[in-house]
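Asker: Got a structure for you, questions after.
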Amino acid sequence: MTRPTRWLHDFLGNAYVSFAAWLASVVALVWYAYDQLKPAPAAFSLVLYAVVTAVVLAVGIYSIRVRQENIHFRQFTRILHRINHDYRDTLGAVFRNTSPEYTASEFSHYLKDSERKTLKSACQKISKIYTFFTHSQCTVTVKLITMIDGKAYCETCERSEENCERDQTHLRRFELNTGANTGFDKALMFIPGTVSHFHSADLSTERDYHNQRDHWPKVYASTIVVPIRFVNPDKLGTKEASDDIGFLCVDTLSTNRLNDHWHIELLAAFADQMYNFISLMRGKYSLRHPITAIAGQVMPK
């Protein structure tokens with residue numbers, strides 16, 4: 001694409017130019033209909049004008065909305081790159097760090113701090129993506145699972161919003177698999193062939209929905225929750241089948257903005273990224289064979 005054609009492409013793709021062209025089309029169509037139907041009865045003409053105008057308005061608004069969504073998809077790729085870039089840089093710094101000045105406890109603190117900072121950055125970027133797509137301010141949260149006295153709970157690890165009002169309450173720990181928190185319990189359910197999740201476009205319409213957070217309707221009205229985990233298909237039906245680390249959640253105070261198809265798939269993809277990142281940071285992954293032996297192998301031609 002040459003510079004002039006690139007300029008023309010950007011000019012014609014501008015939302016204001018599209019709106020002006022659409023408005024001109026509406027005016028021209030209404031004027032043409034008026035000119036052709038002047039002898040018709042006034043009531044008939046009025047109804048026809050109203051129908052034609054409504055249809056053209058609907059099509060125009062929809063086309064502008066689609067154009068905006070296409071722009072957001074292009075912006076999404078840049079943010080996605082930055083998320084992967086952050087994971088790569090953090091893992092690279094950790095696995096290449098052979099500096100002797102760290103004691104064992106200092107290095108452990110360094111790992112935890114690096115993990116939290118990277119997850120915080122990921123939450124902020126994912127929040128931007130969902131805010132773009134839903135046209136509503138979204139909050140993204142990572143909650144990690146802990147075991148206390150044989151019972152499972154999840155606690156907030158990182159959130160996209162700094163100094164979030166919901167974190168100023170005393171309750172930071174939520175029960176799992178007790179019925180006290182419907183979103184987490186349903187997200188943990190494994191159904192082969194589907195993405196494990198909890199979704200609600202409008203929580204006020206959910207029957208038998210439970211949430212331990214006090215006054216939760218003031219915090220969010222719509223949400224998606226997906227687990228951060230790995231499921232081993234060879235061990236289905238056993239306790240070892242699923243390695244559950246936590247949850248990745250997105251929510252908003254607007255209703256009917258988070259859909260139940262590609263919004264879920266996208267969040268699940270981010271959760272899978274987080275599972276690998278957290279597992280590497282915590283040493284849960286290891287090679288079955290010595291690295292030196294693998295490095296010494298001669299690759300077949």
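We name chains A, B, ... following the order of the structure tokens; residues begin at 1 in each chain, and ligands are numbered from 1 as shown.
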Using 10 Å as the limit and counting only C-alpha atoms, can you tabulate each residue of region 86-121 of chain A that touches region 263-275 of chain A, with its shortest atom-to-atom distance in Å and the two atoms involved, as CSV?

Answerer:
residue,atom,partner,partner_atom,distance
A:Tyr87,CA,A:Gln273,CA,8.8
A:Thr118,CA,A:Met274,CA,9.9
A:Leu119,CA,A:Met274,CA,7.9

Asker: From a backbone DSSP assignment, name each residue in region 69-199 of chain A labelled alpha helix (DSSP H), as a ChimeraX atom specification.

Answerer: /A:69-95,104-134,182-188

Asker: Please indicate the distance in Å from CA of Cys138 (chain A) to CA of Ser254 (chain A), rounded to one decimal place.

Answerer: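 Computing it gives 8.9 Å between the two atoms.
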
Asker: Please, what distance in Å, to one decimal, runs between CA of His85 (chain A) and CA of Asn163 (chain A)?

Answerer: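 So the answer is 25.6 Å.
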
Asker: Can you tell me, as a list in words, what residues are no more than 7 Å from Gly246 (chain A) when counting only C-alpha atoms, ignoring any on the same chain fewer than 2 positions away?

Answerer: Lys143, Leu144, Ile145, Cys154, Pro227, Ile228 and Asp244 of chain A

Asker: Write the residues of the preceding selection, restricted to N, CA and C atoms, as a PDB file, in the first residue's frame.

Answerer:
ATOM      1  N   LYS A 143      -7.710 -14.786  41.498  1.00  0.00           N
ATOM      2  CA  LYS A 143      -7.887 -15.329  42.846  1.00  0.00           C
ATOM      3  C   LYS A 143      -7.195 -16.682  42.906  1.00  0.00           C
ATOM      4  N   LEU A 144      -6.396 -16.900  43.931  1.00  0.00           N
ATOM      5  CA  LEU A 144      -5.662 -18.151  44.071  1.00  0.00           C
ATOM      6  C   LEU A 144      -6.280 -19.017  45.156  1.00  0.00           C
ATOM      7  N   ILE A 145      -6.224 -20.332  44.936  1.00  0.00           N
ATOM      8  CA  ILE A 145      -6.834 -21.295  45.849  1.00  0.00           C
ATOM      9  C   ILE A 145      -5.844 -21.677  46.957  1.00  0.00           C
ATOM     10  N   CYS A 154     -10.560 -19.478  48.199  1.00  0.00           N
ATOM     11  CA  CYS A 154      -9.806 -18.668  47.244  1.00  0.00           C
ATOM     12  C   CYS A 154      -9.715 -17.245  47.780  1.00  0.00           C
ATOM     13  N   PRO A 227     -11.568 -21.175  35.604  1.00  0.00           N
ATOM     14  CA  PRO A 227     -10.506 -21.678  36.474  1.00  0.00           C
ATOM     15  C   PRO A 227      -9.130 -21.556  35.829  1.00  0.00           C
ATOM     16  N   ILE A 228      -8.130 -21.333  36.659  1.00  0.00           N
ATOM     17  CA  ILE A 228      -6.733 -21.398  36.228  1.00  0.00           C
ATOM     18  C   ILE A 228      -6.252 -22.789  36.632  1.00  0.00           C
ATOM     19  N   ASP A 244      -5.890 -27.377  40.264  1.00  0.00           N
ATOM     20  CA  ASP A 244      -6.560 -26.075  40.316  1.00  0.00           C
ATOM     21  C   ASP A 244      -5.697 -25.070  41.070  1.00  0.00           C
TER      22      ASP A 244
END

Asker: Quick one: distance from CA of His215 (chain A) to CA of Asp167 (chain A) in Å, one decimal?

Answerer: 12.9 Å

Asker: Which of these, A:Asp251, A:Met281, A:Arg96, A:Tyr130, has the shortest distance to His109 (chain A) once you count only C-alpha atoms?

Answerer: A:Met281

Asker: Per residue of region 247-289 of chain A within 8 Å of region 133-137 of chain A, record the nearest atom pair and its distance in Å to one decimal, counting only C-alpha atoms, with rows in chain order and ascending residue number, as a tab-separated table.

Answerer:
residue	atom	partner	partner_atom	distance
A:Thr252	CA	A:Gln137	CA	6.2
A:Leu253	CA	A:Gln137	CA	7.7
A:Ser254	CA	A:Ser136	CA	6.6
A:Arg257	CA	A:Thr134	CA	5.4
A:Leu258	CA	A:Thr134	CA	6.7

Asker: May I have the residues within 12 Å of Asp208 (chain A) as an MDAnalysis selection string, using only C-alpha atoms and disregarding those fewer than 5 positions away in the same chain?

Answerer: chainID A and resid 179:183 203

Asker: Please identify the strand (DSSP E) residues within region 148-238 of chain A (assignment by DSSP from backbone atoms) and present them as a list in words.

Answerer: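 Selecting the strand (DSSP E) positions of region 148-238 of chain A gives Ile148, Lys151, Ala152, Tyr153, Cys154, Glu155, Thr156, Cys157, Glu158, Arg159, Arg173, Phe174, Glu175, Phe198, His199, Ser200, Ser222, Thr223, Ile224, Val225, Val226, Pro227, Ile228, Arg229, Phe230 and Val231 of chain A.
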
Asker: Only N, CA and C atoms, please: the residues just picked out, written as a compact mmCIF listing (two decimals), in the first residue's frame.

Answerer:
# COMPACT_ATOMS: atom_id res chain seq x y z
N ILE A 148 -6.97 -24.69 53.88
CA ILE A 148 -6.85 -24.38 55.30
C ILE A 148 -7.65 -25.41 56.08
N LYS A 151 -9.94 -27.58 54.08
CA LYS A 151 -11.01 -26.94 53.32
C LYS A 151 -10.41 -25.99 52.28
N ALA A 152 -11.08 -25.90 51.12
CA ALA A 152 -10.58 -25.08 50.03
C ALA A 152 -11.20 -23.68 50.06
N TYR A 153 -10.35 -22.69 49.86
CA TYR A 153 -10.78 -21.29 49.80
C TYR A 153 -10.05 -20.63 48.62
N CYS A 154 -10.56 -19.48 48.20
CA CYS A 154 -9.81 -18.67 47.24
C CYS A 154 -9.72 -17.25 47.78
N GLU A 155 -8.57 -16.64 47.51
CA GLU A 155 -8.31 -15.28 47.98
C GLU A 155 -7.82 -14.43 46.83
N THR A 156 -8.10 -13.14 46.88
CA THR A 156 -7.66 -12.22 45.85
C THR A 156 -6.14 -12.13 45.85
N CYS A 157 -5.55 -12.37 44.69
CA CYS A 157 -4.10 -12.23 44.53
C CYS A 157 -3.78 -10.86 43.94
N GLU A 158 -4.34 -10.60 42.75
CA GLU A 158 -4.12 -9.31 42.09
C GLU A 158 -5.40 -8.88 41.40
N ARG A 159 -5.54 -7.57 41.22
CA ARG A 159 -6.71 -7.00 40.56
C ARG A 159 -6.28 -5.88 39.64
N ARG A 173 -11.47 -13.92 51.85
CA ARG A 173 -11.36 -15.35 51.64
C ARG A 173 -12.75 -15.93 51.37
N PHE A 174 -12.88 -16.74 50.29
CA PHE A 174 -14.18 -17.26 49.89
C PHE A 174 -14.17 -18.78 49.87
N GLU A 175 -15.20 -19.38 50.43
CA GLU A 175 -15.30 -20.83 50.50
C GLU A 175 -15.55 -21.42 49.11
N PHE A 198 -18.20 -19.95 34.79
CA PHE A 198 -19.48 -19.41 35.24
C PHE A 198 -19.69 -18.11 34.49
N HIS A 199 -20.87 -17.94 33.91
CA HIS A 199 -21.19 -16.72 33.18
C HIS A 199 -22.58 -16.25 33.55
N SER A 200 -22.71 -14.95 33.73
CA SER A 200 -24.02 -14.34 33.90
C SER A 200 -23.99 -12.95 33.28
N SER A 222 -22.57 -8.17 36.21
CA SER A 222 -22.33 -9.20 35.19
C SER A 222 -20.92 -9.72 35.36
N THR A 223 -20.72 -11.03 35.12
CA THR A 223 -19.38 -11.58 35.36
C THR A 223 -19.13 -12.85 34.56
N ILE A 224 -17.84 -13.15 34.37
CA ILE A 224 -17.37 -14.43 33.85
C ILE A 224 -16.25 -14.89 34.78
N VAL A 225 -16.30 -16.16 35.16
CA VAL A 225 -15.26 -16.76 36.00
C VAL A 225 -14.78 -18.03 35.32
N VAL A 226 -13.46 -18.16 35.14
CA VAL A 226 -12.89 -19.39 34.58
C VAL A 226 -11.78 -19.87 35.52
N PRO A 227 -11.57 -21.18 35.60
CA PRO A 227 -10.51 -21.68 36.47
C PRO A 227 -9.13 -21.56 35.83
N ILE A 228 -8.13 -21.33 36.66
CA ILE A 228 -6.73 -21.40 36.23
C ILE A 228 -6.25 -22.79 36.63
N ARG A 229 -6.21 -23.71 35.68
CA ARG A 229 -5.92 -25.10 36.03
C ARG A 229 -5.50 -25.93 34.84
N PHE A 230 -5.04 -27.15 35.16
CA PHE A 230 -4.72 -28.15 34.15
C PHE A 230 -5.48 -29.41 34.49
N VAL A 231 -6.13 -30.00 33.48
CA VAL A 231 -6.87 -31.25 33.68
C VAL A 231 -6.16 -32.35 32.90

Asker: With distances taken over only C-alpha atoms, which of A:Lys186, A:Lys218, A:Lys284, A:Lys128 is nearest to Thr77 (chain A)?

Answerer: A:Lys128
